[in-house]
Structures are given as C-alpha cells and as structure tokens.
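Take a look at the structure set out below.
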Amino acid sequence: MSAQCDYSFGIEEEFFLVRPHSRLLATQVPARLLKRARAELGECIESELLQTQIEIASPVQCDIGQARRQLGELRRGLAELAHEHGLALLAAGTHPLGQWREQSPTDKPRYRQLVEDFQIVARRSQVCGLHVHVQLPDGVDRVQAMNRAMPWLPLLLALSTSSPFWDRLNSGLMSYRQAMYDEWPRTGIPDFFAGEAEYDAFADLLKRAGAIADAGSLWWAIRPSPNFPTVELRIADACTHLDDSLAIAALFRCLMRHIARHRAEPPPCDAATRRLIDENRWRAKRSGLQAEFIDARGRSEPALEQLRRLRELVAEDAAALDCTQALRRLDTIAERGTSAHAQLAIYREHRQRGASRNGALKAVVDWLLHATVPAAADAAPTPSAPDSP
C-alpha cells in the first residue's frame, strides 16, 4: 500500500455467500466463482477461511467519495457474479441462520494449517468483519499511534454491531462476533508496547518459539499491519450498509490524523487503562450504542456522548481530509441504530405476528440481502415466504 496522498487508506469488507431460496449459507462454493471474480473485478477479491466467506479489499484510496463509488461497484459486481452461481451476498458479523458444523474450510494450505492448529476454534469461525487501514506520515511510530487510538476502539465497535444472532438464536449481544473471536489467541485489546521496535521484538520472540509463523498471526483489534505501512483497525463487525462502513473508515482515518498531529502527547497507559478498554469493549459488544463506557475516574459516559466528543475532537481533521459529508452518516447510525438494531427489530416484529423462530430469522436474512446490495436483491429470484418454518 503506497501513499499517493496524506493518510491514504484501504477498506476490507468480508461477506457471506448465501443460497437465496433457503437463506442458508452456501456449504460448497465453486472455485470458478472466485477465479472469475478476480478476473473480472481484480485481485481485490479474496477468499477467506471458510468457503462461504469472501472478501473485497479496496485499492488504496485518497478520497472517501471515490472509495464509495469503487466499493459500491465491487459489491454490485460481486453480487451479480454470485447470482450467476445461484448465490447472494450478505454483509453481517454473523449469519442469523448459520450453522458452523455444516461449513467447509477453503482448500488452501494456509487455511488447512489454521484448522489443524486451532481445531474447533477455526471451524467455528463463521464471522465476518470490517478492516480499515490508514497510512501515517513518515516518522510517526505506528504502535505509539495505535496506543493512543485504543481507548476509542469500543466506540468503533458499537458503531458497527451487526451480529446479534448465532446458531439460530438471539445471542443477547449486539456483537456476538466479538465474543466468538475471543476464542482465538492473540485477539482483543493489545498491550501498550513502547513502540514499533518493542512490538516487532515481541512478534520475533513468538516466531522464534514456533508460536506464530509471522506477525500476521497477531490478530488484535488494532495493529500495525504486517503487510502495509498502515495502522489496521480490526475490531468492527462487517457493516450491512456500505455507507456505515465508509463512515467508520472516515472516522478512524480522521482519528489517525489527529493522533499524528498531536504525537507528542503521551498515551493514556497506566496499569488500569487496558483493562478499562476491555471492560468497555465488553459493554460495546453487549449493548452496542446503548453502552455506558467507563473512564479512568470511574465515571460513566453514554456511547453516543462519546461519539459526540470524538467528532468534535477530529472536526479539523475531517475538514482537511474532506470527510465531513461521510461523517454525517454517523448521525443516521445514532438515530436509526446499527444493523444489529434493524435485525432484532425485524425478528421481534415477525415473532409477534406469529412466525416461527426460523421464519423470523428468514425475514432477517431477506432484509440483510436487500440492504447489502439493494439492486442485486431486487433482481434475485423471489424467495419463499419468511414465516415458513
């Protein structure tokens, strides 16, 4: 990822491949789908651990408007190719009707090794996320910038929540993906490393001990990317609406610029800080935008109030990066709620009408398919009634 502008960025969106009539996850995906997608849409289309997952990794971006156009075209193009193979594209942290026991890993050496090493943890990893990369100016230590960003991670999770269902049940969480992902080692909130040199030394220690092949196996909620000169945000659920993805990406980009401009300020890293961040991460995955976050003095702050504070903090950066319009989508998320709110509302509405649990979950899937790629959903074959068992 090379910089062509200040704070260039990239967005990675993970999706599920779904059989639209049954609304179930695809269990076997033809290899020719990925091959054709890469031929027609570019190498930005990538496979994932499970065959039912596929990823769009955007080209390097300098402008959020251009990113919206490119990612919108990629979502539509991938959805059209999937449709030709009897499949549909769905963006959410978990699939409401997903059954992990039915899934097959992608037949690649790296994924086979992950399943061999992590066993049921890897086989259960039926989750999709949103990753955002931001490149910082020369001379800015990525790990020190990461330290400064970490207190805001629970808020970024709360803005993205899209995984309230797991194994055909209402999990009671707004982001079950976060709970499931905690089964993996080297995930969650990282420790406060002094800088890139100390971080790299720790990764090298694990590599020499045979615990990891390389720094790419440090799967924390934020990290210095092992492949690009960026800081990589990894905590967010996959966003059903593209504009939600873009708003979160824009907010993270603005935060990174603010941190780079104030690099002399010390990070908040006393003994309790990381544990407070992790406590707030739990509150975000449990309650999403209704969470009350705790500060270093033990005071509570509503997630939406913290969002207001962050937007004020980065207002100058938003203007400089031409992100002000993209950030207005955060008002919509605050008022309307995230994908998780919409999914739960649809589920409850259909249950109140007398639908079976599976019938209500099918209605949720129908909404997810339509919201992920509206034009593609409109063109898809008419599915069976959602209230059927």
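Within each chain, counting starts at residue 1; across the structure tokens, chains are named A, B, ... in the order shown, with ligands numbered 1 upward in that order.
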Distance table requested - region 24-44 of chain A against region 106-119 of chain A, cut-off 12 Å, only C-alpha atoms: one row per qualifying residue with the closest atom pair and its distance in Å to one decimal, ordered by chain and rising residue number, as JSON lines.
{"residue": "A:Thr27", "atom": "CA", "partner": "A:Thr106", "partner_atom": "CA", "distance": 10.4}
{"residue": "A:Gln28", "atom": "CA", "partner": "A:Thr106", "partner_atom": "CA", "distance": 9.2}
{"residue": "A:Val29", "atom": "CA", "partner": "A:Thr106", "partner_atom": "CA", "distance": 9.0}
{"residue": "A:Pro30", "atom": "CA", "partner": "A:Thr106", "partner_atom": "CA", "distance": 10.6}
{"residue": "A:Ala31", "atom": "CA", "partner": "A:Thr106", "partner_atom": "CA", "distance": 9.4}
{"residue": "A:Leu34", "atom": "CA", "partner": "A:Thr106", "partner_atom": "CA", "distance": 11.3}
Could you write out the selected residues, including all heavy atoms, as a PDB file, in the first residue's frame?
ATOM      1  N   THR A  27     -22.552 -24.119   1.471  1.00  0.00           N
ATOM      2  CA  THR A  27     -21.604 -25.024   2.110  1.00  0.00           C
ATOM      3  C   THR A  27     -20.449 -25.393   1.193  1.00  0.00           C
ATOM      4  O   THR A  27     -19.343 -25.668   1.646  1.00  0.00           O
ATOM      5  CB  THR A  27     -22.308 -26.307   2.581  1.00  0.00           C
ATOM      6  OG1 THR A  27     -23.014 -26.885   1.467  1.00  0.00           O
ATOM      7  CG2 THR A  27     -23.292 -26.002   3.698  1.00  0.00           C
ATOM      8  N   GLN A  28     -20.703 -25.396  -0.113  1.00  0.00           N
ATOM      9  CA  GLN A  28     -19.660 -25.651  -1.103  1.00  0.00           C
ATOM     10  C   GLN A  28     -19.765 -24.555  -2.156  1.00  0.00           C
ATOM     11  O   GLN A  28     -20.789 -24.433  -2.816  1.00  0.00           O
ATOM     12  CB  GLN A  28     -19.838 -27.034  -1.757  1.00  0.00           C
ATOM     13  CG  GLN A  28     -19.768 -28.211  -0.786  1.00  0.00           C
ATOM     14  CD  GLN A  28     -18.354 -28.449  -0.277  1.00  0.00           C
ATOM     15  OE1 GLN A  28     -17.377 -28.171  -0.972  1.00  0.00           O
ATOM     16  NE2 GLN A  28     -18.248 -28.973   0.938  1.00  0.00           N
ATOM     17  N   VAL A  29     -18.715 -23.779  -2.296  1.00  0.00           N
ATOM     18  CA  VAL A  29     -18.701 -22.670  -3.262  1.00  0.00           C
ATOM     19  C   VAL A  29     -17.767 -23.042  -4.405  1.00  0.00           C
ATOM     20  O   VAL A  29     -16.616 -23.412  -4.165  1.00  0.00           O
ATOM     21  CB  VAL A  29     -18.245 -21.369  -2.588  1.00  0.00           C
ATOM     22  CG1 VAL A  29     -18.120 -20.247  -3.608  1.00  0.00           C
ATOM     23  CG2 VAL A  29     -19.237 -20.976  -1.492  1.00  0.00           C
ATOM     24  N   PRO A  30     -18.246 -22.998  -5.649  1.00  0.00           N
ATOM     25  CA  PRO A  30     -17.389 -23.386  -6.772  1.00  0.00           C
ATOM     26  C   PRO A  30     -16.151 -22.490  -6.874  1.00  0.00           C
ATOM     27  O   PRO A  30     -16.246 -21.265  -6.777  1.00  0.00           O
ATOM     28  CB  PRO A  30     -18.299 -23.228  -7.996  1.00  0.00           C
ATOM     29  CG  PRO A  30     -19.418 -22.341  -7.552  1.00  0.00           C
ATOM     30  CD  PRO A  30     -19.587 -22.582  -6.091  1.00  0.00           C
ATOM     31  N   ALA A  31     -15.003 -23.124  -7.085  1.00  0.00           N
ATOM     32  CA  ALA A  31     -13.751 -22.378  -7.187  1.00  0.00           C
ATOM     33  C   ALA A  31     -13.785 -21.405  -8.360  1.00  0.00           C
ATOM     34  O   ALA A  31     -13.127 -20.356  -8.328  1.00  0.00           O
ATOM     35  CB  ALA A  31     -12.581 -23.350  -7.330  1.00  0.00           C
ATOM     36  N   LEU A  34     -14.621 -17.571  -7.484  1.00  0.00           N
ATOM     37  CA  LEU A  34     -13.520 -16.701  -7.082  1.00  0.00           C
ATOM     38  C   LEU A  34     -12.612 -16.406  -8.264  1.00  0.00           C
ATOM     39  O   LEU A  34     -12.190 -15.260  -8.464  1.00  0.00           O
ATOM     40  CB  LEU A  34     -12.722 -17.341  -5.949  1.00  0.00           C
ATOM     41  CG  LEU A  34     -11.523 -16.527  -5.454  1.00  0.00           C
ATOM     42  CD1 LEU A  34     -11.974 -15.198  -4.859  1.00  0.00           C
ATOM     43  CD2 LEU A  34     -10.718 -17.319  -4.437  1.00  0.00           C
TER      44      LEU A  34
END
From the DSSP assignment of the backbone, select every residue of region 139-315 of chain A that is alpha helix (DSSP H), and format the answer as a PyMOL selection string. chain A and resi 142-149+153-160+176-181+196-208+242-261+273-287+303-313+315
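Closest approach to Leu78 (chain A) among A:Asp322, A:Glu14, A:Asp214, A:Asp167: A:Glu14, based on only C-alpha atoms.
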What lies within 8 Å of Val18 (chain A) using only C-alpha atoms, ignoring chain neighbours under 5 positions off, as a PyMOL selection string? chain A and resi 23-26+52+87-90
Taking C-alpha atoms for each residue, export the selection above as an mmCIF file, in the first residue's frame.
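The result, stored in selection.cif:
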data_model
loop_
_atom_site.group_PDB
_atom_site.id
_atom_site.type_symbol
_atom_site.label_atom_id
_atom_site.label_comp_id
_atom_site.auth_asym_id
_atom_site.auth_seq_id
_atom_site.Cartn_x
_atom_site.Cartn_y
_atom_site.Cartn_z
ATOM 1 C CA ARG A 23 -31.490 -18.254 3.028
ATOM 2 C CA LEU A 24 -28.846 -20.706 4.303
ATOM 3 C CA LEU A 25 -25.125 -20.312 3.964
ATOM 4 C CA ALA A 26 -23.516 -21.953 0.977
ATOM 5 C CA THR A 52 -18.942 -19.436 2.484
ATOM 6 C CA LEU A 87 -25.714 -17.372 -4.620
ATOM 7 C CA ALA A 88 -26.259 -13.995 -2.974
ATOM 8 C CA LEU A 89 -24.026 -11.641 -0.993
ATOM 9 C CA LEU A 90 -24.743 -10.839 2.662
#
Need the shell around Val365 (chain A): protein/DNA/RNA residues with any atom at most 10 Å away, counting only C-alpha atoms. Skip same-chain ones fewer than 6 positions apart. Format as a list in words? Val18, Pro20, Ser22, Arg23, Leu24, Leu90, Ala92, His95, Pro96, Leu97, Gln343, Ile346, Tyr347, Gly359, Ala371 and Pro386 of chain A
Requested write-out: C-alpha atoms of the selected residues, as a PDB file, in the first residue's frame:
ATOM      1  CA  VAL A  18     -25.929 -17.368   0.773  1.00  0.00           C
ATOM      2  CA  PRO A  20     -31.251 -17.067  -1.601  1.00  0.00           C
ATOM      3  CA  SER A  22     -33.295 -21.305   1.575  1.00  0.00           C
ATOM      4  CA  ARG A  23     -31.490 -18.254   3.028  1.00  0.00           C
ATOM      5  CA  LEU A  24     -28.846 -20.706   4.303  1.00  0.00           C
ATOM      6  CA  LEU A  90     -24.743 -10.839   2.662  1.00  0.00           C
ATOM      7  CA  ALA A  92     -23.125  -9.001   8.669  1.00  0.00           C
ATOM      8  CA  HIS A  95     -25.397 -15.114   9.635  1.00  0.00           C
ATOM      9  CA  PRO A  96     -28.698 -15.462  11.547  1.00  0.00           C
ATOM     10  CA  LEU A  97     -29.316 -18.999  10.248  1.00  0.00           C
ATOM     11  CA  GLN A 343     -32.119  -7.266  12.618  1.00  0.00           C
ATOM     12  CA  ILE A 346     -37.384  -7.400  12.225  1.00  0.00           C
ATOM     13  CA  TYR A 347     -37.027 -10.597  14.227  1.00  0.00           C
ATOM     14  CA  GLY A 359     -39.381 -17.950   9.920  1.00  0.00           C
ATOM     15  CA  ALA A 371     -29.557  -3.931   2.409  1.00  0.00           C
ATOM     16  CA  PRO A 386     -40.233 -15.806   5.501  1.00  0.00           C
TER      17      PRO A 386
END
Across A:Leu246, A:Leu327, A:Ala179, A:Ala284, the smallest distance to Trp166 (chain A), with only C-alpha atoms counted, is shown by A:Ala179
Determine, counting only C-alpha atoms, which protein, DNA and RNA residues have an atom within 9 Å of an atom of region 217-223 of chain A; residues of the same chain fewer than 4 positions away are not included. Present the result as a ChimeraX atom specification. /A:142-143,146,149-150,153,184-190,203,212-213,230-236
Using N, CA, C and O atoms, can you export the residues from the last selection as a CSV table (one decimal), in the first residue's frame?
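Listed below is the output, result-v3.csv:
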chain,number,residue,atom,x,y,z
A,142,ARG,N,3.9,3.7,14.3
A,142,ARG,CA,2.5,3.2,14.2
A,142,ARG,C,2.0,2.6,15.5
A,142,ARG,O,0.8,2.7,15.8
A,143,VAL,N,2.9,2.0,16.3
A,143,VAL,CA,2.5,1.4,17.6
A,143,VAL,C,2.1,2.5,18.6
A,143,VAL,O,1.1,2.3,19.4
A,146,MET,N,-1.2,3.6,17.6
A,146,MET,CA,-2.1,2.6,18.0
A,146,MET,C,-2.5,2.7,19.5
A,146,MET,O,-3.7,2.6,19.8
A,149,ALA,N,-5.0,5.4,20.0
A,149,ALA,CA,-6.3,5.1,19.4
A,149,ALA,C,-7.1,4.1,20.3
A,149,ALA,O,-8.3,4.1,20.2
A,150,MET,N,-6.4,3.3,21.1
A,150,MET,CA,-7.1,2.2,21.7
A,150,MET,C,-8.3,2.5,22.6
A,150,MET,O,-9.3,1.8,22.6
A,153,LEU,N,-11.6,2.3,20.7
A,153,LEU,CA,-12.0,1.1,20.0
A,153,LEU,C,-13.4,0.6,20.3
A,153,LEU,O,-14.2,0.2,19.5
A,184,TRP,N,-10.1,-17.1,19.8
A,184,TRP,CA,-8.7,-17.2,19.2
A,184,TRP,C,-7.7,-16.6,20.1
A,184,TRP,O,-8.0,-15.7,20.9
A,185,PRO,N,-6.4,-17.1,20.0
A,185,PRO,CA,-5.4,-16.5,20.8
A,185,PRO,C,-5.0,-15.2,20.1
A,185,PRO,O,-5.3,-14.9,18.9
A,186,ARG,N,-4.3,-14.3,20.9
A,186,ARG,CA,-3.7,-13.1,20.3
A,186,ARG,C,-4.8,-12.2,19.6
A,186,ARG,O,-4.6,-11.7,18.5
A,187,THR,N,-5.9,-12.1,20.3
A,187,THR,CA,-7.0,-11.2,19.8
A,187,THR,C,-7.4,-10.2,20.9
A,187,THR,O,-6.8,-10.2,22.0
A,188,GLY,N,-8.4,-9.4,20.7
A,188,GLY,CA,-8.9,-8.5,21.7
A,188,GLY,C,-8.0,-7.2,21.7
A,188,GLY,O,-7.3,-6.9,20.7
A,189,ILE,N,-7.9,-6.6,22.9
A,189,ILE,CA,-7.1,-5.4,23.0
A,189,ILE,C,-5.6,-5.7,23.3
A,189,ILE,O,-5.3,-6.4,24.2
A,190,PRO,N,-4.7,-5.2,22.5
A,190,PRO,CA,-3.3,-5.5,22.7
A,190,PRO,C,-2.8,-4.7,23.9
A,190,PRO,O,-3.4,-3.8,24.4
A,203,ALA,N,6.9,-9.9,18.5
A,203,ALA,CA,6.5,-10.8,17.4
A,203,ALA,C,7.6,-11.8,17.0
A,203,ALA,O,7.4,-13.0,16.8
A,212,ILE,N,4.1,-18.6,16.2
A,212,ILE,CA,3.5,-18.0,15.1
A,212,ILE,C,4.4,-18.1,13.9
A,212,ILE,O,5.7,-18.2,14.1
A,213,ALA,N,3.9,-18.0,12.7
A,213,ALA,CA,4.8,-18.0,11.5
A,213,ALA,C,5.3,-16.6,11.2
A,213,ALA,O,6.4,-16.5,10.8
A,230,THR,N,0.7,0.7,7.4
A,230,THR,CA,-0.5,1.3,8.0
A,230,THR,C,-0.8,0.8,9.4
A,230,THR,O,-0.2,-0.1,9.9
A,231,VAL,N,-1.7,1.5,10.0
A,231,VAL,CA,-2.4,1.1,11.2
A,231,VAL,C,-3.7,0.4,10.8
A,231,VAL,O,-4.4,1.0,10.0
A,232,GLU,N,-4.0,-0.8,11.3
A,232,GLU,CA,-5.1,-1.5,10.8
A,232,GLU,C,-6.1,-1.7,11.9
A,232,GLU,O,-5.9,-2.3,12.9
A,233,LEU,N,-7.3,-1.1,11.7
A,233,LEU,CA,-8.5,-1.3,12.6
A,233,LEU,C,-9.1,-2.6,12.3
A,233,LEU,O,-9.5,-2.9,11.1
A,234,ARG,N,-9.3,-3.5,13.3
A,234,ARG,CA,-9.9,-4.8,13.0
A,234,ARG,C,-11.1,-5.2,13.9
A,234,ARG,O,-11.6,-6.2,13.8
A,235,ILE,N,-11.5,-4.2,14.8
A,235,ILE,CA,-12.5,-4.6,15.8
A,235,ILE,C,-13.9,-4.6,15.2
A,235,ILE,O,-14.8,-5.2,15.8
A,236,ALA,N,-14.1,-3.9,14.1
A,236,ALA,CA,-15.5,-3.7,13.7
A,236,ALA,C,-16.2,-4.9,13.0
A,236,ALA,O,-15.5,-5.7,12.4
Using DSSP assignments from the backbone, pull out every residue in region 27-275 of chain A that falls under strand (DSSP E or B) and give it to me as a ChimeraX atom specification. /A:45-47,50,53-57,61,88-90,105,129-135,163,165-166,169-170,175,222-224,230-237
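By only C-alpha atoms, and with residues fewer than 3 positions from Pro164 (chain A) along its chain excluded, the set lying at most 9 Å from it is Gly93, Thr94, Pro96, Thr161, Leu169, Asn170, Ser171, Gly172, Leu173, Met174, Ser175, Tyr176, Arg177, Ala340, His341, Gln343 and Leu344 of chain A.
Between CA of Leu157 (chain A) and CA of Ala145 (chain A) there is a distance of 18.4 Å.
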